[in-house]
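K.L.:
Structure file structure-v6.txt (compact mmCIF, C-alpha atoms and all ligand atoms) right here:
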# COMPACT_ATOMS: atom_id res chain seq x y z
CA MET R 1155 0.00 0.00 0.00
CA ASN R 1156 1.25 3.45 -0.85
CA GLY R 1157 -0.44 6.72 -0.01
CA ASN R 1158 1.42 8.59 -2.72
CA ARG R 1159 0.08 6.90 -5.80
CA THR R 1160 -1.81 9.15 -8.18
CA TYR R 1161 -5.31 8.51 -9.41
CA GLY R 1162 -4.05 7.95 -12.96
CA GLU R 1163 -1.41 5.43 -11.85
CA VAL R 1164 -3.84 3.48 -9.75
CA TYR R 1165 -6.33 3.38 -12.63
CA ARG R 1166 -3.71 2.13 -15.09
CA GLU R 1167 -2.58 -0.54 -12.64
CA GLY R 1168 -6.18 -1.72 -12.20
CA ALA R 1169 -6.85 -1.73 -15.94
CA ALA R 1170 -3.69 -3.73 -16.59
CA ARG R 1171 -4.58 -6.27 -13.89
CA LEU R 1172 -8.08 -6.77 -15.32
CA GLY R 1173 -6.72 -6.92 -18.87
CA LYS R 1174 -4.32 -9.68 -17.84
CA ALA R 1175 -7.20 -11.56 -16.20
CA GLY R 1176 -9.05 -11.48 -19.54
CA ILE R 1177 -11.86 -9.14 -18.48
CA GLU R 1178 -13.49 -7.86 -21.66
CA GLU R 1179 -14.00 -4.23 -20.67
CA ALA R 1180 -10.94 -4.01 -18.43
CA ALA R 1181 -10.34 -0.27 -18.74
CA LEU R 1182 -13.99 0.63 -18.23
CA ASP R 1183 -14.40 -1.62 -15.21
CA ALA R 1184 -11.14 -0.33 -13.68
CA ARG R 1185 -12.35 3.24 -14.05
CA LEU R 1186 -15.83 2.53 -12.66
CA LEU R 1187 -14.43 0.72 -9.62
CA LEU R 1188 -12.01 3.57 -8.91
CA GLU R 1189 -14.85 6.08 -9.16
CA PHE R 1190 -16.89 3.89 -6.80
CA VAL R 1191 -14.11 3.77 -4.18
CA CYS R 1192 -13.12 7.44 -4.43
CA GLY R 1193 -16.62 8.89 -4.92
CA THR R 1194 -15.44 10.52 -8.15
CA ASP R 1195 -16.87 10.73 -11.67
CA ARG R 1196 -15.55 10.10 -15.16
CA ASN R 1197 -14.05 13.58 -15.46
CA THR R 1198 -11.67 12.92 -12.60
CA LEU R 1199 -9.42 10.70 -14.69
CA LEU R 1200 -9.28 13.26 -17.50
CA VAL R 1201 -8.92 16.40 -15.43
CA HIS R 1202 -7.48 15.35 -12.05
CA GLY R 1203 -5.47 12.23 -12.92
CA ASP R 1204 -2.59 13.57 -10.80
CA ARG R 1205 -4.58 13.76 -7.55
CA ASP R 1206 -3.47 11.50 -4.70
CA VAL R 1207 -5.20 8.26 -3.85
CA SER R 1208 -5.03 7.54 -0.10
CA GLY R 1209 -3.63 4.29 1.23
CA ASP R 1210 -7.07 3.31 2.41
CA GLU R 1211 -8.64 3.96 -0.99
CA TYR R 1212 -5.86 2.09 -2.74
CA GLY R 1213 -6.32 -0.89 -0.44
CA ARG R 1214 -10.05 -1.05 -1.03
CA TYR R 1215 -9.58 -0.58 -4.78
CA SER R 1216 -7.00 -3.36 -5.02
CA GLY R 1217 -9.37 -5.69 -3.18
CA LEU R 1218 -12.18 -4.96 -5.61
CA ILE R 1219 -9.90 -5.34 -8.64
CA GLU R 1220 -8.85 -8.78 -7.42
CA ARG R 1221 -12.49 -9.83 -7.00
CA ARG R 1222 -13.35 -8.51 -10.46
CA ALA R 1223 -10.37 -10.47 -11.83
CA LEU R 1224 -12.09 -13.55 -10.38
CA ARG R 1225 -15.12 -12.64 -12.53
CA VAL R 1226 -17.37 -11.29 -9.81
CA PRO R 1227 -19.77 -9.04 -11.77
CA LEU R 1228 -18.99 -5.35 -11.55
CA GLN R 1229 -22.49 -4.63 -10.24
CA HIS R 1230 -22.03 -7.03 -7.33
CA LEU R 1231 -18.94 -5.05 -6.32
CA THR R 1232 -20.56 -1.64 -6.57
CA GLY R 1233 -24.00 -2.84 -5.43
CA GLY R 1234 -25.76 -0.81 -8.09
CA GLN R 1235 -27.05 -0.90 -11.64
CA ASP R 1236 -28.66 1.88 -13.65
CA PHE R 1237 -31.93 0.86 -15.25
CA MET R 1238 -34.37 3.17 -17.03
CA GLY R 1239 -32.51 6.12 -15.52
CA LEU R 1240 -32.89 4.79 -11.97
CA THR R 1241 -30.08 3.44 -9.80
CA LEU R 1242 -31.13 0.10 -8.37
CA LEU R 1243 -29.60 -2.00 -5.63
CA VAL R 1244 -28.43 -5.40 -6.88
CA ASN R 1245 -26.61 -8.34 -5.35
CA GLU R 1246 -26.03 -12.05 -5.94
CA ASP R 1247 -29.67 -12.82 -5.10
CA VAL R 1248 -31.07 -11.19 -8.26
CA LEU R 1249 -30.34 -11.05 -11.96
CA VAL R 1250 -28.50 -7.82 -12.75
CA PRO R 1251 -31.01 -5.75 -14.77
CA ARG R 1252 -30.05 -5.88 -18.47
CA GLN R 1253 -30.37 -3.19 -21.09
CA ASP R 1254 -32.49 -5.64 -23.12
CA THR R 1255 -35.11 -5.47 -20.41
CA GLU R 1256 -35.46 -1.70 -20.92
CA VAL R 1257 -37.03 -2.58 -24.29
CA LEU R 1258 -39.66 -4.62 -22.43
CA VAL R 1259 -40.38 -1.74 -20.04
CA GLU R 1260 -40.67 0.72 -22.92
CA GLU R 1261 -43.17 -1.50 -24.75
CA VAL R 1262 -45.32 -1.78 -21.63
CA MET R 1263 -45.11 1.98 -21.10
CA LYS R 1264 -46.65 2.59 -24.54
CA GLN R 1265 -49.78 0.77 -23.33
CA LEU R 1266 -49.83 1.97 -19.73
CA HIS R 1267 -52.46 4.46 -18.62
CA ASP R 1268 -53.07 6.21 -15.32
CA GLY R 1269 -54.62 4.01 -12.69
CA MET R 1270 -53.78 0.64 -14.26
CA ARG R 1271 -52.94 -2.44 -12.23
CA ILE R 1272 -49.72 -4.26 -13.12
CA LEU R 1273 -48.54 -7.74 -12.18
CA ASP R 1274 -44.82 -8.51 -12.60
CA LEU R 1275 -44.00 -12.22 -12.35
CA CYS R 1276 -40.40 -13.23 -11.55
CA THR R 1277 -39.76 -9.68 -10.42
CA GLY R 1278 -36.20 -10.23 -9.11
CA SER R 1279 -34.73 -6.82 -8.23
CA GLY R 1280 -38.13 -5.28 -9.01
CA CYS R 1281 -36.59 -3.35 -11.90
CA ILE R 1282 -39.52 -3.79 -14.30
CA LEU R 1283 -42.38 -3.09 -11.92
CA LEU R 1284 -40.65 -0.23 -10.11
CA SER R 1285 -39.61 1.60 -13.25
CA LEU R 1286 -43.16 1.28 -14.64
CA LEU R 1287 -44.58 2.70 -11.41
CA HIS R 1288 -41.94 5.41 -11.26
CA TYR R 1289 -42.82 6.69 -14.72
CA SER R 1290 -46.62 6.52 -14.42
CA ASN R 1291 -49.38 8.01 -12.31
CA ASP R 1292 -51.75 6.26 -9.90
CA CYS R 1293 -50.81 2.80 -11.14
CA GLU R 1294 -50.67 -0.03 -8.67
CA GLY R 1295 -48.30 -2.97 -8.90
CA VAL R 1296 -47.73 -6.43 -7.54
CA GLY R 1297 -44.32 -8.10 -7.88
CA VAL R 1298 -44.02 -11.86 -7.40
CA ASP R 1299 -40.93 -13.99 -6.95
CA LEU R 1300 -40.19 -17.47 -5.66
CA SER R 1301 -37.06 -16.18 -3.93
CA GLU R 1302 -37.41 -14.47 -0.54
CA LYS R 1303 -33.91 -13.09 -0.97
CA ALA R 1304 -34.78 -11.50 -4.30
CA LEU R 1305 -37.86 -9.94 -2.72
CA ALA R 1306 -35.68 -8.39 -0.03
CA VAL R 1307 -33.76 -6.61 -2.80
CA ALA R 1308 -36.98 -5.56 -4.55
CA GLY R 1309 -38.36 -4.27 -1.25
CA GLU R 1310 -35.25 -2.22 -0.60
CA ASN R 1311 -35.42 -0.75 -4.13
CA TYR R 1312 -39.06 0.12 -3.53
CA GLU R 1313 -38.24 1.92 -0.29
CA ARG R 1314 -35.43 3.87 -1.94
CA LEU R 1315 -37.52 4.94 -4.93
CA ARG R 1316 -40.43 5.84 -2.72
CA GLU R 1317 -38.32 8.50 -1.03
CA ALA R 1318 -38.59 10.48 -4.27
CA ARG R 1319 -42.13 9.35 -5.12
CA PRO R 1320 -44.00 8.49 -1.90
CA GLN R 1321 -47.22 7.96 -3.86
CA MET R 1322 -45.81 4.81 -5.53
CA LYS R 1323 -47.96 1.76 -4.76
CA ALA R 1324 -46.39 -1.70 -4.91
CA ARG R 1325 -46.70 -4.99 -3.05
CA PHE R 1326 -44.19 -7.79 -3.26
CA LEU R 1327 -45.37 -11.36 -2.72
CA GLN R 1328 -43.42 -14.57 -2.35
CA GLY R 1329 -44.67 -17.61 -4.23
CA ASP R 1330 -44.79 -19.66 -7.40
CA LEU R 1331 -46.19 -17.35 -10.11
CA PHE R 1332 -49.98 -16.84 -9.72
CA ALA R 1333 -50.12 -19.01 -6.59
CA ALA R 1334 -48.51 -16.11 -4.73
CA LEU R 1335 -51.69 -14.09 -5.24
CA GLY R 1336 -53.92 -16.90 -4.05
CA SER R 1337 -52.50 -17.15 -0.59
CA GLU R 1338 -52.70 -13.46 0.14
CA ALA R 1339 -56.26 -13.18 -1.17
CA ASP R 1340 -57.32 -16.20 0.88
CA GLU R 1341 -56.37 -14.31 4.01
CA ARG R 1342 -58.52 -11.41 2.89
CA GLN R 1343 -61.37 -13.76 1.92
CA ASP R 1344 -62.44 -11.87 -1.19
CA GLU R 1345 -62.41 -14.56 -3.81
CA GLY R 1346 -63.12 -13.63 -7.44
CA ALA R 1347 -63.20 -15.56 -10.72
CA ASN R 1348 -59.62 -16.76 -10.37
CA GLY R 1349 -59.91 -17.60 -6.70
CA SER R 1350 -57.81 -14.67 -5.58
CA GLY R 1351 -59.94 -11.64 -6.32
CA GLU R 1352 -57.01 -10.03 -8.16
CA GLN R 1353 -57.40 -8.58 -11.66
CA PHE R 1354 -54.75 -6.77 -13.67
CA ASP R 1355 -54.61 -4.64 -16.79
CA ILE R 1356 -51.05 -5.67 -17.52
CA ILE R 1357 -49.07 -8.79 -16.74
CA VAL R 1358 -45.36 -8.53 -17.49
CA SER R 1359 -42.55 -11.01 -17.02
CA ASN R 1360 -38.89 -11.53 -17.77
CA PRO R 1361 -38.90 -15.17 -16.69
CA PRO R 1362 -35.93 -17.52 -16.66
CA TYR R 1363 -35.58 -18.52 -20.34
CA ILE R 1364 -32.15 -20.06 -20.87
CA LYS R 1365 -32.16 -23.76 -21.80
CA THR R 1366 -30.76 -25.79 -18.92
CA ASP R 1367 -27.98 -27.23 -21.13
CA VAL R 1368 -26.83 -23.78 -22.20
CA ILE R 1369 -26.26 -22.40 -18.70
CA ASP R 1370 -22.84 -24.05 -18.43
CA THR R 1371 -21.69 -22.21 -21.55
CA LEU R 1372 -22.54 -18.70 -20.31
CA MET R 1373 -19.79 -16.28 -19.30
CA PRO R 1374 -18.42 -16.92 -15.80
CA GLU R 1375 -19.89 -13.70 -14.42
CA VAL R 1376 -23.37 -15.04 -15.19
CA ARG R 1377 -22.79 -18.77 -14.73
CA GLU R 1378 -21.02 -18.56 -11.40
CA TYR R 1379 -22.38 -15.45 -9.75
CA GLU R 1380 -25.94 -14.84 -10.91
CA PRO R 1381 -28.78 -16.93 -9.45
CA ALA R 1382 -29.35 -20.03 -11.61
CA MET R 1383 -33.04 -19.96 -10.73
CA ALA R 1384 -33.35 -16.61 -12.51
CA LEU R 1385 -31.89 -18.07 -15.70
CA ASP R 1386 -32.98 -21.70 -16.05
CA GLY R 1387 -36.05 -22.03 -18.26
CA GLY R 1388 -36.00 -25.83 -18.33
CA ALA R 1389 -34.88 -28.22 -21.09
CA ASP R 1390 -36.42 -26.15 -23.90
CA GLY R 1391 -36.22 -22.77 -22.14
CA LEU R 1392 -39.98 -22.33 -22.49
CA VAL R 1393 -41.34 -23.71 -19.21
CA PHE R 1394 -42.31 -20.34 -17.75
CA TYR R 1395 -43.96 -19.08 -20.94
CA HIS R 1396 -46.27 -22.10 -20.92
CA ARG R 1397 -47.07 -21.78 -17.23
CA ILE R 1398 -47.67 -18.04 -17.27
CA ALA R 1399 -49.64 -17.90 -20.54
CA LYS R 1400 -51.92 -20.76 -19.45
CA ASP R 1401 -53.21 -18.90 -16.37
CA ALA R 1402 -52.73 -15.24 -17.35
CA GLY R 1403 -56.22 -14.85 -18.84
CA LYS R 1404 -57.86 -15.58 -15.51
CA TYR R 1405 -56.04 -12.63 -13.97
CA LEU R 1406 -56.44 -10.13 -16.82
CA SER R 1407 -59.36 -7.79 -17.24
CA GLY R 1408 -60.95 -7.66 -20.72
CA GLY R 1409 -58.49 -6.08 -23.15
CA GLY R 1410 -55.68 -6.69 -20.69
CA MET R 1411 -52.21 -7.42 -22.03
CA LEU R 1412 -49.43 -9.92 -21.38
CA PHE R 1413 -45.83 -8.88 -22.08
CA PHE R 1414 -42.84 -11.23 -22.12
CA GLU R 1415 -39.13 -10.71 -22.51
CA ILE R 1416 -37.80 -13.60 -24.60
CA GLY R 1417 -34.51 -15.11 -25.71
CA CYS R 1418 -33.77 -13.97 -29.26
CA GLU R 1419 -34.67 -17.33 -30.83
CA GLN R 1420 -37.93 -17.87 -28.95
CA ALA R 1421 -40.29 -15.43 -30.68
CA GLU R 1422 -42.16 -17.99 -32.80
CA ASP R 1423 -42.45 -20.50 -29.95
CA VAL R 1424 -43.77 -17.90 -27.53
CA ARG R 1425 -46.15 -16.45 -30.12
CA LYS R 1426 -47.59 -19.93 -30.62
CA ILE R 1427 -47.87 -20.58 -26.87
CA MET R 1428 -49.82 -17.33 -26.44
CA GLU R 1429 -52.02 -17.96 -29.45
CA GLU R 1430 -52.95 -21.46 -28.34
CA VAL R 1431 -54.26 -20.28 -24.98
CA GLY R 1432 -56.30 -17.49 -26.60
CA PHE R 1433 -54.19 -14.32 -26.75
CA ARG R 1434 -54.79 -12.13 -29.81
CA GLU R 1435 -53.06 -9.23 -31.60
CA ILE R 1436 -49.70 -10.78 -30.80
CA ALA R 1437 -46.63 -8.73 -31.70
CA VAL R 1438 -42.87 -9.24 -31.57
CA VAL R 1439 -40.50 -6.35 -30.81
CA LYS R 1440 -36.76 -6.25 -31.46
CA ASP R 1441 -34.06 -4.91 -29.14
CA PHE R 1442 -31.38 -2.36 -30.05
CA ALA R 1443 -29.21 -5.13 -31.49
CA GLY R 1444 -32.02 -6.02 -33.91
CA LEU R 1445 -32.82 -9.28 -32.10
CA ASP R 1446 -36.32 -10.42 -31.16
CA ARG R 1447 -36.70 -9.49 -27.48
CA VAL R 1448 -40.34 -8.89 -26.53
CA VAL R 1449 -43.60 -10.68 -27.36
CA TYR R 1450 -46.94 -9.30 -26.25
CA GLY R 1451 -50.59 -9.93 -26.86
CA SER R 1452 -54.10 -8.97 -25.71
CA TRP R 1453 -56.76 -10.91 -23.83
CA PHE R 1454 -60.41 -10.50 -24.78
CA GLY R 1455 -61.78 -13.26 -22.56
N1 LIG R 1501 -30.96 -12.03 -20.65
C1 LIG R 1501 -30.40 -12.82 -19.60
C2 LIG R 1501 -29.02 -13.31 -19.99
O1 LIG R 1501 -28.62 -13.09 -21.09
C3 LIG R 1501 -31.30 -13.98 -19.25
C4 LIG R 1501 -32.52 -13.50 -18.61
C5 LIG R 1501 -33.52 -14.54 -18.35
O2 LIG R 1501 -33.34 -15.75 -18.36
N2 LIG R 1501 -34.65 -14.04 -18.09
O3 LIG R 1501 -28.29 -13.83 -19.21
Give the structure from this file in C-alpha cells form.
Ligand code: GLN

P.N.:
Amino acid sequence: MNGNRTYGEVYREGAARLGKAGIEEAALDARLLLEFVCGTDRNTLLVHGDRDVSGDEYGRYSGLIERRALRVPLQHLTGGQDFMGLTLLVNEDVLVPRQDTEVLVEEVMKQLHDGMRILDLCTGSGCILLSLLHYSNDCEGVGVDLSEKALAVAGENYERLREARPQMKARFLQGDLFAALGSEADERQDEGANGSGEQFDIIVSNPPYIKTDVIDTLMPEVREYEPAMALDGGADGLVFYHRIAKDAGKYLSGGGMLFFEIGCEQAEDVRKIMEEVGFREIAVVKDFAGLDRVVYGSWFG
C-alpha cells in the first residue's frame, strides 16, 4: 500500500490487472471501480489524474480489482445498476437488470395508462415493476418472486424509490407465479373468478428462459455469480412461458395485455404458446441489437 500513488497510476494498474485476467472491458471496469471507491466521476481521470489516492482507498480498490479479476460481476462489487434512468440495488440474489429489459419496459409503457394495475411475475430486483410505477401516475403494482432473498432486494429498491415518489404503490409477494396471489387473497377472503380476487390490466414477465444445457456455456460472471433460478427455463427454455400464458387470462381484465421478454430465438415458440391459450393481436418487438426481445398480446376473454 502506498499513499502517494496518483489517481491515474492506480487506474492504469487496475486496468492492466483486469486486462491480464481477460476481463473484456478491463479499462472501463477499472475506471468505474475507482470512481466507486473514491466517490469521483468520469471527469476525474481526465482532469485530475494527478490527484493523490489515499492508502485506504488504494487498499479497497485493489481488493475490488482482485475480485473482479475472479469474474465477480462489476455490479455485485458496486451494489448498483442503472436501469431506465434509476439506480437500483443489486446483489447475488437477483439477476442484474439488463439493457435488453429496458425494451420490455418501454413497450409496456406505450400501453400503460393512469390508474392501471400491473402484475410482474419473476420480479427479481423489481426493476420492471418499479420503473413502470416510477414513470406513471396512480398505477398499482404487484411483484411476485419465488425467492425471498430476491424480494428483499426488490423491497429495498421500492423503499429507496419511494423516497422520491411516496405515492408509488407496490406490493411484493413470495410464491410460485400466480399461486402467490392466491394465498394473500385467501387471508382477505375476497375470492373472485380466479380464486384470488385479483385482476390486472397488464401482466409482465422476464422469466428464466435459458435452456438448462446452455447455462454451463454462459460467461463466468453469469454462470457462477448470478442466481441459476433466474436463468434456467427448463430443457427447452420455455417452461415459464407455458405456465404463465396458461393462467394469465384468468387474472387479466378484458383487453388486458401480457408482455414477455424472450430469448432472441424464442419469438415464434412464444407467439404460438400465447395464441394457443387465446391471446390475440400478438406482436414481436426487437431490441437495439435487432434481435427479437419482446412478445406481447391482448386478452379479450
Ligand atoms: N438475458 C439474460 C441473460 O442473457 C437472461 C434472462 C432470463 O433468463 N430471463 O443472461

K.L.:
Out of R:Glu1163, R:Glu1415, R:Asp1441, R:Glu1435, which residue has the shortest atom-to-atom distance to ligand LIG 1501 (chain R) when counting all atoms listed in the file?

P.N.:
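Looking at the shortest contact to ligand LIG 1501 (chain R), the residue is R:Glu1415.
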
K.L.:
Given 6 Å on each side, where is the centre and what are the edge lengths in Å to one decimal of the axis-aligned box enclosing the listed atoms of segment 1412-1427 of chain R, as AutoDock Vina command-line options?

P.N.:
--center_x -41.6 --center_y -14.7 --center_z -27.1 --size_x 27.7 --size_y 23.7 --size_z 23.4

K.L.:
Show me which residues are within 6 Å of ligand LIG 1501 (chain R) counting only C-alpha atoms and all ligand atoms, and format the list as a list in words.

P.N.:
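Counting only what the definition allows, namely only C-alpha atoms and all ligand atoms, the set is Asn1360, Pro1361, Pro1362, Tyr1363, Ile1364, Ala1384 and Leu1385 of chain R.
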
K.L.:
Excluding same-chain residues fewer than 2 positions from segment 1449-1451 of chain R, what lies within 10 Å of it counting only C-alpha atoms, as a PDB file with C-alpha atoms, in the coordinates of the input?

P.N.:
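Generated output (result_30.pdb):
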ATOM      1  CA  LEU R1258     -39.660  -4.620 -22.430  1.00  0.00           C
ATOM      2  CA  GLU R1261     -43.170  -1.500 -24.750  1.00  0.00           C
ATOM      3  CA  VAL R1262     -45.320  -1.780 -21.630  1.00  0.00           C
ATOM      4  CA  ILE R1357     -49.070  -8.790 -16.740  1.00  0.00           C
ATOM      5  CA  VAL R1358     -45.360  -8.530 -17.490  1.00  0.00           C
ATOM      6  CA  GLY R1409     -58.490  -6.080 -23.150  1.00  0.00           C
ATOM      7  CA  GLY R1410     -55.680  -6.690 -20.690  1.00  0.00           C
ATOM      8  CA  MET R1411     -52.210  -7.420 -22.030  1.00  0.00           C
ATOM      9  CA  LEU R1412     -49.430  -9.920 -21.380  1.00  0.00           C
ATOM     10  CA  PHE R1413     -45.830  -8.880 -22.080  1.00  0.00           C
ATOM     11  CA  PHE R1414     -42.840 -11.230 -22.120  1.00  0.00           C
ATOM     12  CA  GLU R1415     -39.130 -10.710 -22.510  1.00  0.00           C
ATOM     13  CA  ILE R1416     -37.800 -13.600 -24.600  1.00  0.00           C
ATOM     14  CA  GLN R1420     -37.930 -17.870 -28.950  1.00  0.00           C
ATOM     15  CA  ALA R1421     -40.290 -15.430 -30.680  1.00  0.00           C
ATOM     16  CA  GLU R1422     -42.160 -17.990 -32.800  1.00  0.00           C
ATOM     17  CA  VAL R1424     -43.770 -17.900 -27.530  1.00  0.00           C
ATOM     18  CA  ARG R1425     -46.150 -16.450 -30.120  1.00  0.00           C
ATOM     19  CA  MET R1428     -49.820 -17.330 -26.440  1.00  0.00           C
ATOM     20  CA  GLU R1429     -52.020 -17.960 -29.450  1.00  0.00           C
ATOM     21  CA  GLY R1432     -56.300 -17.490 -26.600  1.00  0.00           C
ATOM     22  CA  PHE R1433     -54.190 -14.320 -26.750  1.00  0.00           C
ATOM     23  CA  ARG R1434     -54.790 -12.130 -29.810  1.00  0.00           C
ATOM     24  CA  GLU R1435     -53.060  -9.230 -31.600  1.00  0.00           C
ATOM     25  CA  ILE R1436     -49.700 -10.780 -30.800  1.00  0.00           C
ATOM     26  CA  ALA R1437     -46.630  -8.730 -31.700  1.00  0.00           C
ATOM     27  CA  VAL R1438     -42.870  -9.240 -31.570  1.00  0.00           C
ATOM     28  CA  VAL R1439     -40.500  -6.350 -30.810  1.00  0.00           C
ATOM     29  CA  LYS R1440     -36.760  -6.250 -31.460  1.00  0.00           C
ATOM     30  CA  ASP R1446     -36.320 -10.420 -31.160  1.00  0.00           C
ATOM     31  CA  ARG R1447     -36.700  -9.490 -27.480  1.00  0.00           C
ATOM     32  CA  TRP R1453     -56.760 -10.910 -23.830  1.00  0.00           C
TER      33      TRP R1453
END

K.L.:
Restrict the calculation to only C-alpha atoms, then for each residue of segment 1211-1290 of chain R with any atom at most 10 Å from an atom of segment 1168-1174 of chain R give the closest atom pair and their distance in Å to one decimal, rows by chain and rising residue number, as a tab-separated table.

P.N.:
residue	atom	partner	partner_atom	distance
R:Tyr1215	CA	R:Gly1168	CA	8.2
R:Ser1216	CA	R:Gly1168	CA	7.4
R:Leu1218	CA	R:Gly1168	CA	9.5
R:Ile1219	CA	R:Gly1168	CA	6.3
R:Glu1220	CA	R:Arg1171	CA	8.1
R:Arg1221	CA	R:Leu1172	CA	9.9
R:Arg1222	CA	R:Leu1172	CA	7.4
R:Ala1223	CA	R:Leu1172	CA	5.6
R:Leu1224	CA	R:Leu1172	CA	9.3
R:Arg1225	CA	R:Leu1172	CA	9.6

K.L.:
I'd like the interatomic distance between atom CA of Cys1192 of chain R and atom CA of Arg1159 of chain R, to a tenth of an Å.

P.N.:
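About the pair atom CA of Cys1192 of chain R and atom CA of Arg1159 of chain R: they are 13.3 Å apart.
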
K.L.:
Suppose you want the space between atom CA of Leu1315 of chain R and atom CA of Val1259 of chain R; what is it in Å?

P.N.:
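Spanning atom CA of Leu1315 of chain R to atom CA of Val1259 of chain R is a straight-line distance of 16.8 Å.
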
K.L.:
Give me, as a ChimeraX atom specification, all polymer residues having an atom no more than 10 Å from segment 1279-1294 of chain R, counting all atoms listed in the file and skipping those fewer than 6 positions away in the same chain.

P.N.:
/R:1235-1245,1247-1252,1255-1256,1258-1260,1262-1263,1266-1273,1303-1312,1315-1316,1318-1319,1321-1326,1354,1358-1360

K.L.:
What is the atom CA of Ala1399 of chain R-atom CA of Thr1366 of chain R distance in Å, reported with one decimal?

P.N.:
20.5 Å

K.L.:
Could you name the residues that touch Leu1335 of chain R at 9 Å or less, counting all atoms listed in the file, but leaving out those on the same chain fewer than 6 positions away, as a ChimeraX atom specification?

P.N.:
/R:1296,1298,1327-1329,1350-1352

K.L.:
Find the spatial neighbours of Ala1333 of chain R, counting only C-alpha atoms, within a cut-off of 12 Å - ignore same-chain residues fewer than 2 positions away - and output them as an MDAnalysis selection string.

P.N.:
chainID R and resid 1275 1298:1300 1327:1331 1335:1340 1348:1350 1352 1397:1398 1401:1402 1405

K.L.:
Quick one: of R:Arg1205, R:His1230, R:Lys1400, R:Arg1185, who's nearest to Glu1380 of chain R, counting only C-alpha atoms?

P.N.:
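Using only C-alpha atoms, the shortest distance to Glu1380 of chain R belongs to R:His1230.
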
K.L.:
Which residue out of R:Ala1443, R:Ala1389, R:Ala1382, R:Leu1228 has the minimum interatomic distance to Glu1179 of chain R when all atoms listed in the file are used?

P.N.:
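Ranked by minimum distance to Glu1179 of chain R, first place goes to R:Leu1228.
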
K.L.:
Please write segment 1437-1442 of chain R of the preceding block to a file containing all heavy atoms, as an mmCIF file, in the first residue's frame?

P.N.:
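In the end it all went to part.cif:
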data_model
loop_
_atom_site.group_PDB
_atom_site.id
_atom_site.type_symbol
_atom_site.label_atom_id
_atom_site.label_comp_id
_atom_site.auth_asym_id
_atom_site.auth_seq_id
_atom_site.Cartn_x
_atom_site.Cartn_y
_atom_site.Cartn_z
ATOM 1 N N ALA R 1437 -47.676 -9.459 -30.979
ATOM 2 C CA ALA R 1437 -46.629 -8.735 -31.699
ATOM 3 C C ALA R 1437 -45.259 -9.075 -31.120
ATOM 4 O O ALA R 1437 -45.135 -9.402 -29.943
ATOM 5 C CB ALA R 1437 -46.885 -7.227 -31.597
ATOM 6 N N VAL R 1438 -44.256 -8.999 -31.990
ATOM 7 C CA VAL R 1438 -42.870 -9.242 -31.575
ATOM 8 C C VAL R 1438 -42.100 -7.939 -31.762
ATOM 9 O O VAL R 1438 -42.259 -7.253 -32.768
ATOM 10 C CB VAL R 1438 -42.237 -10.352 -32.451
ATOM 11 C CG1 VAL R 1438 -40.775 -10.576 -32.054
ATOM 12 C CG2 VAL R 1438 -43.034 -11.651 -32.341
ATOM 13 N N VAL R 1439 -41.273 -7.594 -30.757
ATOM 14 C CA VAL R 1439 -40.503 -6.352 -30.815
ATOM 15 C C VAL R 1439 -39.016 -6.681 -30.703
ATOM 16 O O VAL R 1439 -38.627 -7.547 -29.908
ATOM 17 C CB VAL R 1439 -40.910 -5.400 -29.661
ATOM 18 C CG1 VAL R 1439 -40.139 -4.090 -29.745
ATOM 19 C CG2 VAL R 1439 -42.415 -5.144 -29.679
ATOM 20 N N LYS R 1440 -38.209 -5.994 -31.485
ATOM 21 C CA LYS R 1440 -36.763 -6.254 -31.459
ATOM 22 C C LYS R 1440 -36.044 -5.337 -30.468
ATOM 23 O O LYS R 1440 -36.521 -4.242 -30.176
ATOM 24 C CB LYS R 1440 -36.186 -6.025 -32.861
ATOM 25 C CG LYS R 1440 -36.628 -7.073 -33.862
ATOM 26 C CD LYS R 1440 -35.939 -6.842 -35.197
ATOM 27 C CE LYS R 1440 -36.543 -7.698 -36.305
ATOM 28 N NZ LYS R 1440 -36.486 -9.139 -36.044
ATOM 29 N N ASP R 1441 -34.877 -5.768 -30.014
ATOM 30 C CA ASP R 1441 -34.062 -4.914 -29.139
ATOM 31 C C ASP R 1441 -33.129 -4.038 -29.982
ATOM 32 O O ASP R 1441 -33.200 -4.037 -31.215
ATOM 33 C CB ASP R 1441 -33.300 -5.765 -28.104
ATOM 34 C CG ASP R 1441 -32.296 -6.711 -28.761
ATOM 35 O OD1 ASP R 1441 -31.883 -6.468 -29.922
ATOM 36 O OD2 ASP R 1441 -31.913 -7.698 -28.101
ATOM 37 N N PHE R 1442 -32.234 -3.302 -29.321
ATOM 38 C CA PHE R 1442 -31.375 -2.360 -30.046
ATOM 39 C C PHE R 1442 -30.332 -3.073 -30.905
ATOM 40 O O PHE R 1442 -29.732 -2.473 -31.777
ATOM 41 C CB PHE R 1442 -30.706 -1.394 -29.060
ATOM 42 C CG PHE R 1442 -31.701 -0.550 -28.331
ATOM 43 C CD1 PHE R 1442 -31.840 -0.639 -26.947
ATOM 44 C CD2 PHE R 1442 -32.535 0.316 -29.027
ATOM 45 C CE1 PHE R 1442 -32.780 0.121 -26.281
ATOM 46 C CE2 PHE R 1442 -33.481 1.078 -28.371
ATOM 47 C CZ PHE R 1442 -33.606 0.984 -26.998
#
